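Below is one structure, written out as structure tokens; comments come after it.
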Amino acid sequence: MNLFNWRKKPAEPPPPPRAPAAIPPGQRVYAIGDIHGRFDLLERLLRQIEADDQARGPAETHVVLLGDLIDRGPQSREIVDFFLHGPPAFARFHYIMGNHEEMLLQLIDDPDLPEMLHYLRYGGRELFESYGAPRMVLDVPDRFTPDTLPSYVPETHRAFFRAMHDGVQFGDYFLTHAGIRPGVALAQQERQDLRWIRAPFLDSADDHGAVVVHGHTVRNEVEILPNRIGIDTGAYMTGVLTALGLEGTEQWLLQTRPGS
């Protein structure tokens, strides 16, 4: 018979708490969720942001639009015109490409009827209406060549979409449209994931190396989690367009409200 005296190992100390995510000193960042053709809401939210920025005092201020500026709502062209003519001077503006901008550019570069029919069902009709496409083309696009509708988007607007970024990082925050692929370094992310991903990212509790600020997936309320912050509140249908403010370790929200 062998006898063993088991000794309880002393408990290991818990890991030190992770420092709160922070923006570099002197910077202030506002991230705006999916606008989807609601220029009316964008104008209101930018006024709120500018007033908030002034009230907080001097800083190097950045405004990041998280993609899907276009489609679904009625004012896609107005949004692009606004930024092409010069955004407000109180901040530096950054434009992230969403999956809707990507879909439009693909149709411009490679016109395809089945893809066009799909796009029209998911907000493209409203976009082309804002660019002045006639109803007879929108109602029966299969009677026209696939490049007919894309031809209504002027070259200056195409250049604006092509110049959009995949993401931008400020300190401990990475801002992109849809999210990231868990387990893959930020510098190695695929554009497909940055613009389209949902479940693998939304369901992940992993530490991504930065807090990911994103849109793309509509929620009734802003989602603030340890590893991500989702700010798409479905502006085109709810009237609620959300901006997340970041400075130091502080986080705050600005939103439009229906009827306000």
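Starting from 1 in every chain, residues are counted up; chains themselves are A, B, ... following the order of the structure tokens, and ligands are numbered from 1 as listed.
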Could you give me, as a list of chain:residue names, the residues within 6 Å of segment 31-37 of chain A, counting only C-alpha atoms and dropping anything in the same chain fewer than 6 positions from it?
-> A:Val63, A:Val64, A:Leu65, A:Leu66, A:Gly67, A:Asp68, A:Leu69, A:Ile70, A:Asp71, A:Arg72, A:Gly73, A:Pro74, A:Gln75, A:Ser76, A:Gly215, A:Ile231, A:Asp232, A:Tyr236, A:Thr242, A:Ala243, A:Leu244
Serialized selection, C-alpha atoms, as an mmCIF file, in the first residue's frame:
data_model
loop_
_atom_site.group_PDB
_atom_site.id
_atom_site.type_symbol
_atom_site.label_atom_id
_atom_site.label_comp_id
_atom_site.auth_asym_id
_atom_site.auth_seq_id
_atom_site.Cartn_x
_atom_site.Cartn_y
_atom_site.Cartn_z
ATOM 1 C CA VAL A 63 -14.391 62.389 -35.869
ATOM 2 C CA VAL A 64 -14.539 58.849 -37.307
ATOM 3 C CA LEU A 65 -17.462 57.741 -39.463
ATOM 4 C CA LEU A 66 -17.728 53.956 -39.171
ATOM 5 C CA GLY A 67 -19.042 53.247 -42.662
ATOM 6 C CA ASP A 68 -22.422 52.650 -44.287
ATOM 7 C CA LEU A 69 -22.918 56.350 -44.856
ATOM 8 C CA ILE A 70 -25.155 55.409 -47.786
ATOM 9 C CA ASP A 71 -28.210 53.306 -48.767
ATOM 10 C CA ARG A 72 -31.567 52.659 -47.066
ATOM 11 C CA GLY A 73 -32.264 56.299 -46.127
ATOM 12 C CA PRO A 74 -33.185 58.963 -48.723
ATOM 13 C CA GLN A 75 -30.142 61.272 -48.603
ATOM 14 C CA SER A 76 -27.029 59.340 -49.591
ATOM 15 C CA GLY A 215 -21.255 49.535 -36.298
ATOM 16 C CA ILE A 231 -22.906 51.835 -31.820
ATOM 17 C CA ASP A 232 -25.222 51.032 -34.757
ATOM 18 C CA TYR A 236 -32.455 54.951 -40.891
ATOM 19 C CA THR A 242 -25.234 57.508 -32.117
ATOM 20 C CA ALA A 243 -21.784 58.949 -31.506
ATOM 21 C CA LEU A 244 -19.323 57.573 -28.959
#
Would you mind reading off the distance between atom CA of Asn220 of chain A and atom CA of Thr233 of chain A, one decimal, in Å?
->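 Distance between the two atoms: 5.8 Å.
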Could you pull out all residues of segment 31-103 of chain A with a DSSP call of helix (DSSP H, G or I) and give them as a PyMOL selection string?
-> chain A and resi 39-56+76-84+99-103
Identify, on the basis of only C-alpha atoms, every residue whose closest approach to Glu115 of chain A does not exceed 12 Å; exclude the query and any residue fewer than 4 positions from it along the same chain; express the result as a PDB file with N, CA and C atoms, in the first residue's frame.
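Full text of out_28.pdb as output:
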ATOM      1  N   MET A 103     -20.222  47.260 -51.641  1.00  0.00           N
ATOM      2  CA  MET A 103     -21.140  46.714 -52.643  1.00  0.00           C
ATOM      3  C   MET A 103     -21.324  47.673 -53.809  1.00  0.00           C
ATOM      4  N   LEU A 104     -21.458  48.961 -53.513  1.00  0.00           N
ATOM      5  CA  LEU A 104     -21.636  49.939 -54.574  1.00  0.00           C
ATOM      6  C   LEU A 104     -20.413  49.989 -55.482  1.00  0.00           C
ATOM      7  N   LEU A 105     -19.224  50.016 -54.911  1.00  0.00           N
ATOM      8  CA  LEU A 105     -18.009  50.072 -55.722  1.00  0.00           C
ATOM      9  C   LEU A 105     -17.857  48.818 -56.581  1.00  0.00           C
ATOM     10  N   GLN A 106     -18.240  47.675 -56.057  1.00  0.00           N
ATOM     11  CA  GLN A 106     -18.158  46.447 -56.852  1.00  0.00           C
ATOM     12  C   GLN A 106     -19.073  46.532 -58.071  1.00  0.00           C
ATOM     13  N   LEU A 107     -20.260  47.131 -57.905  1.00  0.00           N
ATOM     14  CA  LEU A 107     -21.171  47.268 -59.034  1.00  0.00           C
ATOM     15  C   LEU A 107     -20.674  48.305 -60.035  1.00  0.00           C
ATOM     16  N   ILE A 108     -19.981  49.324 -59.546  1.00  0.00           N
ATOM     17  CA  ILE A 108     -19.395  50.313 -60.447  1.00  0.00           C
ATOM     18  C   ILE A 108     -18.265  49.682 -61.261  1.00  0.00           C
ATOM     19  N   ASP A 110     -17.654  46.368 -61.709  1.00  0.00           N
ATOM     20  CA  ASP A 110     -18.014  45.129 -62.407  1.00  0.00           C
ATOM     21  C   ASP A 110     -19.536  44.996 -62.432  1.00  0.00           C
ATOM     22  N   PRO A 111     -20.210  45.751 -63.294  1.00  0.00           N
ATOM     23  CA  PRO A 111     -21.678  45.713 -63.326  1.00  0.00           C
ATOM     24  C   PRO A 111     -22.205  44.297 -63.546  1.00  0.00           C
ATOM     25  N   TYR A 119     -28.620  44.271 -54.506  1.00  0.00           N
ATOM     26  CA  TYR A 119     -28.271  45.560 -53.902  1.00  0.00           C
ATOM     27  C   TYR A 119     -29.492  46.474 -53.800  1.00  0.00           C
ATOM     28  N   LEU A 120     -30.315  46.476 -54.821  1.00  0.00           N
ATOM     29  CA  LEU A 120     -31.505  47.329 -54.795  1.00  0.00           C
ATOM     30  C   LEU A 120     -32.436  46.950 -53.653  1.00  0.00           C
ATOM     31  N   ARG A 121     -32.503  45.666 -53.320  1.00  0.00           N
ATOM     32  CA  ARG A 121     -33.380  45.223 -52.231  1.00  0.00           C
ATOM     33  C   ARG A 121     -32.838  45.615 -50.861  1.00  0.00           C
ATOM     34  N   TYR A 122     -31.543  45.870 -50.768  1.00  0.00           N
ATOM     35  CA  TYR A 122     -30.925  46.146 -49.473  1.00  0.00           C
ATOM     36  C   TYR A 122     -30.454  47.590 -49.351  1.00  0.00           C
ATOM     37  N   GLY A 124     -30.033  49.901 -51.994  1.00  0.00           N
ATOM     38  CA  GLY A 124     -29.478  50.553 -53.165  1.00  0.00           C
ATOM     39  C   GLY A 124     -30.481  51.391 -53.938  1.00  0.00           C
ATOM     40  N   PRO A 141     -34.915  47.182 -63.711  1.00  0.00           N
ATOM     41  CA  PRO A 141     -33.492  47.307 -64.065  1.00  0.00           C
ATOM     42  C   PRO A 141     -33.015  46.239 -65.043  1.00  0.00           C
ATOM     43  N   ASP A 142     -33.738  45.117 -65.129  1.00  0.00           N
ATOM     44  CA  ASP A 142     -33.317  44.050 -66.043  1.00  0.00           C
ATOM     45  C   ASP A 142     -33.553  44.417 -67.508  1.00  0.00           C
ATOM     46  N   PRO A 146     -26.423  46.562 -67.143  1.00  0.00           N
ATOM     47  CA  PRO A 146     -26.105  46.592 -65.715  1.00  0.00           C
ATOM     48  C   PRO A 146     -25.356  47.839 -65.258  1.00  0.00           C
ATOM     49  N   ASP A 147     -24.741  48.562 -66.199  1.00  0.00           N
ATOM     50  CA  ASP A 147     -24.007  49.757 -65.792  1.00  0.00           C
ATOM     51  C   ASP A 147     -24.865  51.016 -65.821  1.00  0.00           C
TER      52      ASP A 147
END
Report the distance between atom CA of Arg56 of chain A and atom CA of His216 of chain A in Å, rounded to one decimal place.
-> 29.0 Å
Among the residues A:Gly234, A:Ala22, A:Trp196, A:Pro88, the one that comes closest to Gln169 of chain A [using only C-alpha atoms] |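 Counting only C-alpha atoms, the residue closest to Gln169 of chain A is A:Ala22.
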Go through segment 34-228 of chain A and collect every residue that DSSP, computed from the backbone, puts in strand (DSSP E); the answer should be as a list in words.
->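 Strand (DSSP E) assignments inside segment 34-228 of chain A correspond to Glu60, Thr61, His62, Val63, Val64, Leu65, Arg92, Phe93, His94, Tyr95, Gly167, Val168, Gln169, Phe170, Tyr173, Phe174, Leu175, Thr176, Val211, Val212, Val213, His214, Glu223, Ile224 and Arg228 of chain A.
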